[in-house]
file data-v2.csv (CSV, C-alpha atoms)
chain,number,residue,atom,x,y,z
A,596,MET,CA,-12.7,-18.7,-5.2
A,597,LYS,CA,-10.1,-19.3,-8.0
A,598,ILE,CA,-7.4,-16.6,-7.8
A,599,THR,CA,-4.8,-15.6,-10.3
A,600,LEU,CA,-1.7,-14.4,-8.4
A,601,VAL,CA,0.6,-12.0,-10.4
A,602,GLY,CA,4.0,-11.6,-9.0
A,603,ALA,CA,3.9,-15.1,-7.5
A,604,SER,CA,7.6,-15.5,-7.3
A,605,GLY,CA,8.2,-12.4,-5.2
A,606,ARG,CA,8.3,-12.2,-1.4
A,607,MET,CA,4.7,-11.2,-1.1
A,608,GLY,CA,3.5,-13.6,-3.8
A,609,GLN,CA,5.1,-16.5,-1.9
A,610,ALA,CA,3.5,-15.4,1.4
A,611,ILE,CA,0.1,-15.1,-0.2
A,612,SER,CA,0.4,-18.6,-1.7
A,613,ALA,CA,1.4,-20.0,1.7
A,614,CYS,CA,-1.5,-18.3,3.5
A,615,ALA,CA,-4.0,-19.2,0.8
A,616,ALA,CA,-3.1,-22.9,1.1
A,617,LYS,CA,-4.4,-22.7,4.7
A,618,THR,CA,-7.7,-21.1,3.5
A,619,PRO,CA,-10.1,-23.9,2.2
A,620,GLU,CA,-12.4,-21.5,0.4
A,621,MET,CA,-9.5,-20.1,-1.7
A,622,GLU,CA,-7.3,-21.6,-4.4
A,623,ILE,CA,-4.4,-20.0,-6.2
A,624,ALA,CA,-5.3,-21.4,-9.6
A,625,TRP,CA,-2.7,-19.5,-11.6
A,626,ARG,CA,0.7,-18.3,-10.5
A,627,ILE,CA,2.2,-15.7,-12.8
A,628,ASP,CA,5.9,-14.9,-12.8
A,629,ASP,CA,6.0,-11.2,-13.8
A,630,ALA,CA,9.4,-11.7,-15.5
A,631,THR,CA,8.2,-14.4,-17.9
A,632,SER,CA,4.5,-14.0,-18.5
A,633,ASP,CA,2.9,-13.3,-21.8
A,634,PHE,CA,0.3,-10.7,-20.9
A,635,ALA,CA,-1.1,-10.7,-24.4
A,636,ASN,CA,-2.7,-14.0,-23.4
A,637,ALA,CA,-5.5,-13.2,-21.0
A,638,GLY,CA,-6.6,-16.8,-20.4
A,639,PHE,CA,-5.2,-16.7,-16.8
A,640,ILE,CA,-7.4,-13.8,-16.1
A,641,ARG,CA,-10.5,-14.8,-18.1
A,642,ASP,CA,-10.9,-18.1,-16.3
A,643,CYS,CA,-10.3,-16.9,-12.7
A,644,ASP,CA,-12.7,-15.3,-10.2
A,645,LEU,CA,-10.3,-12.6,-9.0
A,646,VAL,CA,-6.8,-11.3,-9.5
A,647,ILE,CA,-4.3,-10.4,-6.8
A,648,ASP,CA,-1.3,-8.4,-8.1
A,649,PHE,CA,2.0,-7.9,-6.2
A,650,SER,CA,4.1,-7.6,-9.3
A,651,SER,CA,5.6,-4.1,-10.1
A,652,HIS,CA,4.5,-0.6,-11.0
A,653,LEU,CA,5.5,-1.4,-14.6
A,654,ILE,CA,3.1,-4.4,-14.9
A,655,THR,CA,0.1,-3.4,-12.8
A,656,PRO,CA,-1.4,-1.0,-15.4
A,657,ARG,CA,-1.6,-3.8,-18.0
A,658,ILE,CA,-3.0,-6.2,-15.4
A,659,ALA,CA,-5.7,-3.7,-14.5
A,660,GLU,CA,-6.7,-3.3,-18.2
A,661,LEU,CA,-6.9,-7.1,-18.6
A,662,CYS,CA,-9.1,-7.3,-15.5
A,663,ALA,CA,-11.4,-4.6,-16.8
A,664,GLU,CA,-11.6,-6.3,-20.2
A,665,ASN,CA,-12.6,-9.6,-18.5
A,666,ASN,CA,-14.7,-8.1,-15.7
A,667,LYS,CA,-12.6,-9.5,-12.9
A,668,PRO,CA,-12.1,-7.8,-9.5
A,669,LEU,CA,-8.5,-6.8,-8.7
A,670,VAL,CA,-6.6,-6.5,-5.5
A,671,THR,CA,-3.3,-4.8,-6.0
A,672,GLY,CA,-0.5,-3.8,-3.6
A,673,THR,CA,2.2,-2.5,-6.0
A,674,THR,CA,3.8,0.8,-5.2
A,675,GLY,CA,6.2,3.3,-6.8
A,676,HIS,CA,3.8,4.3,-9.7
A,677,THR,CA,4.2,7.3,-11.8
A,678,ALA,CA,1.2,9.7,-12.1
A,679,GLU,CA,0.5,8.3,-15.5
A,680,GLU,CA,0.7,4.7,-14.4
A,681,ASN,CA,-1.6,5.5,-11.4
A,682,LYS,CA,-4.1,7.1,-13.7
A,683,LEU,CA,-4.2,4.1,-16.0
A,684,ILE,CA,-4.9,1.8,-13.1
A,685,ILE,CA,-7.5,3.9,-11.4
A,686,ASP,CA,-9.3,4.5,-14.7
A,687,GLN,CA,-10.2,0.8,-14.7
A,688,THR,CA,-12.3,1.2,-11.6
A,689,LYS,CA,-15.1,2.6,-13.7
A,690,LYS,CA,-15.6,-1.0,-14.9
A,691,ILE,CA,-14.4,-3.3,-12.0
A,692,PRO,CA,-14.2,-3.2,-8.2
A,693,MET,CA,-10.5,-2.8,-7.1
A,694,VAL,CA,-8.9,-2.7,-3.7
A,695,LYS,CA,-5.7,-0.7,-4.1
A,696,ALA,CA,-3.6,-0.3,-1.0
A,697,THR,CA,0.0,0.5,-0.1
A,698,ASN,CA,-0.2,-1.9,2.9
A,699,PHE,CA,-2.7,-4.7,3.6
A,700,SER,CA,-1.8,-5.2,7.3
A,701,THR,CA,-4.7,-4.7,9.7
A,702,GLY,CA,-2.2,-3.1,12.1
A,703,VAL,CA,-0.8,-0.6,9.6
A,704,ASN,CA,-4.3,0.4,8.5
A,705,THR,CA,-5.1,1.0,12.2
A,706,LEU,CA,-1.9,3.2,12.2
A,707,PHE,CA,-3.3,5.1,9.3
A,708,TRP,CA,-6.6,5.7,11.2
A,709,LEU,CA,-4.7,6.7,14.4
A,710,THR,CA,-2.4,9.0,12.5
A,711,ARG,CA,-5.3,11.0,11.1
A,712,LYS,CA,-7.0,11.2,14.5
A,713,ALA,CA,-3.8,12.2,16.3
A,714,ALA,CA,-3.0,14.9,13.7
A,715,GLU,CA,-6.6,16.3,14.1
A,716,ILE,CA,-6.4,16.3,17.9
A,717,LEU,CA,-2.9,17.6,18.4
A,718,GLY,CA,-3.2,20.4,16.0
A,719,PRO,CA,-0.6,22.5,14.2
A,720,ASP,CA,1.7,23.2,17.1
A,721,PHE,CA,3.2,19.7,16.9
A,722,ASP,CA,6.0,19.1,14.4
A,723,LEU,CA,5.5,16.1,12.1
A,724,GLU,CA,8.2,13.5,11.2
A,725,VAL,CA,7.9,10.1,9.6
A,726,ILE,CA,10.6,7.4,9.8
A,727,GLU,CA,10.5,4.1,7.8
A,728,MET,CA,12.9,1.2,7.6
A,729,HIS,CA,12.9,-1.7,5.2
A,730,HIS,CA,15.2,-4.5,3.9
A,731,ARG,CA,18.2,-3.7,1.7
A,732,LEU,CA,16.5,-5.1,-1.4
A,733,LYS,CA,13.6,-2.6,-1.4
A,734,LYS,CA,13.6,-0.6,-4.7
A,735,ASP,CA,11.5,2.5,-3.9
A,736,ALA,CA,11.8,5.2,-1.2
A,737,PRO,CA,10.0,6.4,0.7
A,738,SER,CA,7.9,3.2,1.1
A,739,GLY,CA,4.3,3.2,-0.1
A,740,THR,CA,3.1,2.9,3.5
A,741,ALA,CA,5.2,6.0,4.5
A,742,THR,CA,3.8,7.8,1.5
A,743,THR,CA,0.2,7.1,2.7
A,744,LEU,CA,1.1,8.4,6.1
A,745,LEU,CA,2.5,11.6,4.6
A,746,GLU,CA,-0.6,12.0,2.5
A,747,ILE,CA,-2.7,11.7,5.6
A,748,LEU,CA,-0.7,14.3,7.5
A,749,GLY,CA,-0.6,16.6,4.6
A,750,ASN,CA,-4.4,16.3,4.2
A,751,VAL,CA,-5.1,17.1,7.8
A,752,ARG,CA,-2.7,20.1,7.8
A,753,ASN,CA,-3.9,21.2,4.4
A,754,LEU,CA,-0.3,21.1,3.1
A,755,GLN,CA,1.0,20.4,-0.5
A,756,LEU,CA,3.5,17.6,0.0
A,757,LYS,CA,5.7,18.7,-2.9
A,758,ASP,CA,6.4,21.9,-0.9
A,759,ALA,CA,6.2,20.5,2.7
A,760,LEU,CA,8.3,17.3,2.5
A,761,ARG,CA,11.9,17.3,3.8
A,762,HIS,CA,13.7,14.1,2.8
A,763,GLY,CA,16.3,14.0,5.5
A,764,ARG,CA,18.3,17.1,6.3
A,765,GLN,CA,21.8,18.2,5.5
A,766,GLY,CA,23.9,21.3,5.9
A,767,ILE,CA,22.7,24.6,7.2
A,768,THR,CA,18.9,24.1,6.9
A,769,GLY,CA,17.8,26.8,9.2
A,770,GLU,CA,15.2,26.4,11.9
A,771,ARG,CA,12.4,23.9,11.3
A,772,THR,CA,9.1,25.5,10.2
A,773,HIS,CA,5.6,24.3,11.2
A,774,ASN,CA,4.8,23.8,7.5
A,775,GLU,CA,7.2,21.0,6.8
A,776,ILE,CA,7.0,17.2,7.3
A,777,GLY,CA,10.2,15.3,7.7
A,778,ILE,CA,10.6,11.9,6.0
A,779,HIS,CA,13.5,9.6,6.6
A,780,ALA,CA,14.0,6.3,4.8
A,781,ILE,CA,16.4,3.7,6.2
A,782,ARG,CA,17.5,0.6,4.3
A,783,GLY,CA,19.3,-2.5,5.7
A,784,GLY,CA,19.2,-6.2,6.5
A,785,ASP,CA,16.0,-8.1,6.2
A,786,VAL,CA,13.6,-5.7,7.9
A,787,VAL,CA,10.1,-6.5,6.7
A,788,GLY,CA,8.8,-3.0,7.5
A,789,ASP,CA,8.9,-0.5,10.4
A,790,HIS,CA,7.0,2.8,10.4
A,791,THR,CA,7.0,5.5,13.0
A,792,VAL,CA,5.0,8.8,13.0
A,793,ILE,CA,6.4,11.4,15.4
A,794,PHE,CA,4.3,14.4,16.8
A,795,ALA,CA,6.8,16.6,18.7
A,796,ASN,CA,6.0,19.7,20.7
A,797,THR,CA,7.8,21.7,23.4
A,798,GLY,CA,7.8,19.5,26.5
A,799,GLU,CA,6.1,16.4,25.0
A,800,ARG,CA,6.2,14.0,22.1
A,801,VAL,CA,3.7,11.4,20.8
A,802,GLU,CA,5.0,8.5,18.7
A,803,LEU,CA,2.8,6.0,16.8
A,804,ALA,CA,4.7,3.0,15.5
A,805,HIS,CA,4.1,-0.3,13.7
A,806,LYS,CA,6.7,-3.0,13.2
A,807,ALA,CA,6.1,-6.0,10.9
A,808,THR,CA,8.1,-9.1,11.6
A,809,SER,CA,6.4,-11.4,9.0
A,810,ARG,CA,4.9,-10.8,5.6
A,811,ASP,CA,2.0,-13.1,6.6
A,812,THR,CA,0.3,-10.1,8.1
A,813,PHE,CA,0.2,-8.5,4.7
A,814,ALA,CA,-0.7,-11.7,2.9
A,815,THR,CA,-3.7,-12.5,5.1
A,816,GLY,CA,-4.9,-8.9,4.7
A,817,ALA,CA,-4.7,-9.2,0.9
A,818,LEU,CA,-6.8,-12.4,1.0
A,819,ARG,CA,-9.3,-10.7,3.3
A,820,ALA,CA,-9.5,-7.9,0.8
A,821,ALA,CA,-10.2,-10.5,-2.0
A,822,GLN,CA,-13.1,-12.0,0.0
A,823,TRP,CA,-14.5,-8.5,0.6
A,824,VAL,CA,-14.3,-7.1,-2.9
A,825,ILE,CA,-15.5,-10.1,-4.9
A,826,ASN,CA,-19.1,-9.0,-5.1
A,827,ARG,CA,-18.7,-5.2,-4.8
A,828,GLU,CA,-19.8,-2.7,-7.3
A,829,PRO,CA,-17.2,-1.2,-9.6
A,830,GLY,CA,-15.1,1.4,-7.9
A,831,LEU,CA,-11.8,2.2,-6.1
A,832,TYR,CA,-11.6,0.8,-2.6
A,833,SER,CA,-8.9,0.7,0.1
A,834,MET,CA,-8.1,-1.4,3.1
A,835,GLN,CA,-9.9,1.3,5.2
A,836,ASP,CA,-13.1,0.3,3.3
A,837,VAL,CA,-12.4,-3.4,3.9
A,838,LEU,CA,-11.8,-3.0,7.6
A,839,GLY,CA,-14.7,-0.5,8.1
A,840,LEU,CA,-12.3,2.3,9.1
A,841,LYS,CA,-13.2,4.8,6.3
A,842,ALA,CA,-14.1,8.2,7.7
call {"tool": "encode", "arguments": {"input": "data-v2.csv", "output": "structure tokens"}}
result
Amino acid sequence: MKITLVGASGRMGQAISACAAKTPEMEIAWRIDDATSDFANAGFIRDCDLVIDFSSHLITPRIAELCAENNKPLVTGTTGHTAEENKLIIDQTKKIPMVKATNFSTGVNTLFWLTRKAAEILGPDFDLEVIEMHHRLKKDAPSGTATTLLEILGNVRNLQLKDALRHGRQGITGERTHNEIGIHAIRGGDVVGDHTVIFANTGERVELAHKATSRDTFATGALRAAQWVINREPGLYSMQDVLGLKA
């Protein structure tokens, strides 16, 4: 499988290159630096078998368009998209298969599954809080992974996140209601990614946590997604599909 890697100079791009070098059936044939690439020239997409994109929310819509124009599957893990950018990306899944995920870790996707089950089992009496921590260089907050966790919780509770979310708390906020979900983003050092979901009730508390210490876990997940999606029908897929965890 000849892969074009977009965002190759970034942290995730470097991790994917290193992991792919240990996978004989895969070759990173083209490494694209998102800061210098001429995206008007689609040769690097036309001649590959599949594209893996970990560039930025500004570049992914154009990459998705080029993949659709050249009938190439896409695996993308960029986050921080606007609603318009997200629509442009997802529109291309009418033509090509795409795995779009906020996190490619097997462990994190198990956390997604467990979070949904715990929210369903514990019910509305438990207060919901999400805490995430990442390295000081991360540009978006909350993280894409935390956003997915919040979407899962909001879906189970039938809450609109724009109304339910509390981004930290300050001042006289009043008593906590059952219809809010707290989200707390911490930044510092070189933390790869920590996520904790808290279910708190009177007399007991359940915490689900995942801590990543190496980007290799995300890189191997992205390569696993590439192997899975290569012969799929056009459509939008997630890592839950790849891992067989889709409800």
call {"tool": "residues_around", "arguments": {"input": "data-v2.csv", "residues": "segment 710-720 of chain A", "least_positions_apart": "6", "cutoff": "9 Å", "atoms": "only C-alpha atoms", "output": "list in words"}}
result
Leu744, Ile747, Leu748, Asn750, Val751, Arg752, His773, Asn774, Val792, Phe794, Ala795, Asn796, Thr797, Val801 and Leu803 of chain A
call {"tool": "atom_distance", "arguments": {"input": "data-v2.csv", "atom1": "atom CA of Gly839 of chain A", "atom2": "atom CA of His729 of chain A"}}
result
27.8 Å
call {"tool": "atom_distance", "arguments": {"input": "data-v2.csv", "atom1": "atom CA of Gly816 of chain A", "atom2": "atom CA of Asp628 of chain A"}}
result
21.4 Å
call {"tool": "closest_residue", "arguments": {"input": "data-v2.csv", "among": "A:Asp686, A:Phe813, A:Thr674, A:Ile767", "to": "Thr742 of chain A", "atoms": "only C-alpha atoms"}}
result
A:Thr674
call {"tool": "closest_residue", "arguments": {"input": "data-v2.csv", "among": "A:Ser651, A:Asp758, A:His730, A:Ala736", "to": "Thr808 of chain A", "atoms": "only C-alpha atoms"}}
result
A:His730
call {"tool": "residues_around", "arguments": {"input": "data-v2.csv", "residues": "Arg606 of chain A", "least_positions_apart": "6", "cutoff": "12 Å", "atoms": "only C-alpha atoms", "output": "MDAnalysis selection string"}}
result
chainID A and resid 612:613 628 649:650 730 732:733 785 787 809:811 813:814
call {"tool": "closest_residue", "arguments": {"input": "data-v2.csv", "among": "A:Met607, A:Gly602, A:Gly675, A:Asp644", "to": "Arg626 of chain A", "atoms": "all atoms listed in the file"}}
result
A:Gly602
call {"tool": "build_atoms", "arguments": {"input": "data-v2.csv", "residues": "segment 663-684 of chain A", "atoms": "N, CA and C atoms", "output": "PDB file, in the frame of the given file"}}
result
ATOM      1  N   ALA A 663     -10.232  -5.363 -16.353  1.00  0.00           N
ATOM      2  CA  ALA A 663     -11.400  -4.600 -16.800  1.00  0.00           C
ATOM      3  C   ALA A 663     -11.996  -5.251 -18.066  1.00  0.00           C
ATOM      4  N   GLU A 664     -11.132  -5.697 -18.981  1.00  0.00           N
ATOM      5  CA  GLU A 664     -11.600  -6.300 -20.200  1.00  0.00           C
ATOM      6  C   GLU A 664     -12.355  -7.623 -19.932  1.00  0.00           C
ATOM      7  N   ASN A 665     -11.969  -8.312 -18.857  1.00  0.00           N
ATOM      8  CA  ASN A 665     -12.600  -9.600 -18.500  1.00  0.00           C
ATOM      9  C   ASN A 665     -13.519  -9.542 -17.333  1.00  0.00           C
ATOM     10  N   ASN A 666     -13.792  -8.312 -16.844  1.00  0.00           N
ATOM     11  CA  ASN A 666     -14.700  -8.100 -15.700  1.00  0.00           C
ATOM     12  C   ASN A 666     -14.355  -8.888 -14.493  1.00  0.00           C
ATOM     13  N   LYS A 667     -13.089  -8.785 -14.091  1.00  0.00           N
ATOM     14  CA  LYS A 667     -12.600  -9.500 -12.900  1.00  0.00           C
ATOM     15  C   LYS A 667     -12.151  -8.481 -11.847  1.00  0.00           C
ATOM     16  N   PRO A 668     -12.576  -8.659 -10.601  1.00  0.00           N
ATOM     17  CA  PRO A 668     -12.100  -7.800  -9.500  1.00  0.00           C
ATOM     18  C   PRO A 668     -10.596  -7.896  -9.355  1.00  0.00           C
ATOM     19  N   LEU A 669      -9.997  -6.811  -8.850  1.00  0.00           N
ATOM     20  CA  LEU A 669      -8.500  -6.800  -8.700  1.00  0.00           C
ATOM     21  C   LEU A 669      -8.177  -6.274  -7.301  1.00  0.00           C
ATOM     22  N   VAL A 670      -7.219  -6.972  -6.691  1.00  0.00           N
ATOM     23  CA  VAL A 670      -6.600  -6.500  -5.500  1.00  0.00           C
ATOM     24  C   VAL A 670      -5.124  -6.282  -5.786  1.00  0.00           C
ATOM     25  N   THR A 671      -4.651  -5.052  -5.604  1.00  0.00           N
ATOM     26  CA  THR A 671      -3.300  -4.800  -6.000  1.00  0.00           C
ATOM     27  C   THR A 671      -2.538  -4.001  -4.869  1.00  0.00           C
ATOM     28  N   GLY A 672      -1.284  -4.384  -4.658  1.00  0.00           N
ATOM     29  CA  GLY A 672      -0.500  -3.800  -3.600  1.00  0.00           C
ATOM     30  C   GLY A 672       0.846  -3.240  -4.132  1.00  0.00           C
ATOM     31  N   THR A 673       0.966  -3.062  -5.454  1.00  0.00           N
ATOM     32  CA  THR A 673       2.200  -2.500  -6.000  1.00  0.00           C
ATOM     33  C   THR A 673       2.344  -1.048  -5.642  1.00  0.00           C
ATOM     34  N   THR A 674       3.575  -0.570  -5.529  1.00  0.00           N
ATOM     35  CA  THR A 674       3.800   0.800  -5.200  1.00  0.00           C
ATOM     36  C   THR A 674       4.869   1.401  -6.156  1.00  0.00           C
ATOM     37  N   GLY A 675       5.157   2.682  -6.001  1.00  0.00           N
ATOM     38  CA  GLY A 675       6.200   3.300  -6.800  1.00  0.00           C
ATOM     39  C   GLY A 675       5.656   3.764  -8.194  1.00  0.00           C
ATOM     40  N   HIS A 676       4.325   3.886  -8.371  1.00  0.00           N
ATOM     41  CA  HIS A 676       3.800   4.300  -9.700  1.00  0.00           C
ATOM     42  C   HIS A 676       4.038   5.724 -10.011  1.00  0.00           C
ATOM     43  N   THR A 677       4.229   5.971 -11.306  1.00  0.00           N
ATOM     44  CA  THR A 677       4.200   7.300 -11.800  1.00  0.00           C
ATOM     45  C   THR A 677       2.784   7.836 -11.816  1.00  0.00           C
ATOM     46  N   ALA A 678       2.602   9.133 -11.974  1.00  0.00           N
ATOM     47  CA  ALA A 678       1.200   9.700 -12.100  1.00  0.00           C
ATOM     48  C   ALA A 678       0.490   9.078 -13.229  1.00  0.00           C
ATOM     49  N   GLU A 679       1.177   8.869 -14.350  1.00  0.00           N
ATOM     50  CA  GLU A 679       0.500   8.300 -15.500  1.00  0.00           C
ATOM     51  C   GLU A 679       0.119   6.848 -15.278  1.00  0.00           C
ATOM     52  N   GLU A 680       1.001   6.064 -14.672  1.00  0.00           N
ATOM     53  CA  GLU A 680       0.700   4.700 -14.400  1.00  0.00           C
ATOM     54  C   GLU A 680      -0.511   4.603 -13.402  1.00  0.00           C
ATOM     55  N   ASN A 681      -0.489   5.460 -12.401  1.00  0.00           N
ATOM     56  CA  ASN A 681      -1.600   5.500 -11.400  1.00  0.00           C
ATOM     57  C   ASN A 681      -2.903   5.782 -12.062  1.00  0.00           C
ATOM     58  N   LYS A 682      -2.909   6.730 -12.984  1.00  0.00           N
ATOM     59  CA  LYS A 682      -4.100   7.100 -13.700  1.00  0.00           C
ATOM     60  C   LYS A 682      -4.668   5.933 -14.508  1.00  0.00           C
ATOM     61  N   LEU A 683      -3.775   5.238 -15.199  1.00  0.00           N
ATOM     62  CA  LEU A 683      -4.200   4.100 -16.000  1.00  0.00           C
ATOM     63  C   LEU A 683      -4.840   3.012 -15.165  1.00  0.00           C
ATOM     64  N   ILE A 684      -4.297   2.800 -13.968  1.00  0.00           N
ATOM     65  CA  ILE A 684      -4.900   1.800 -13.100  1.00  0.00           C
ATOM     66  C   ILE A 684      -6.226   2.227 -12.555  1.00  0.00           C
TER      67      ILE A 684
END
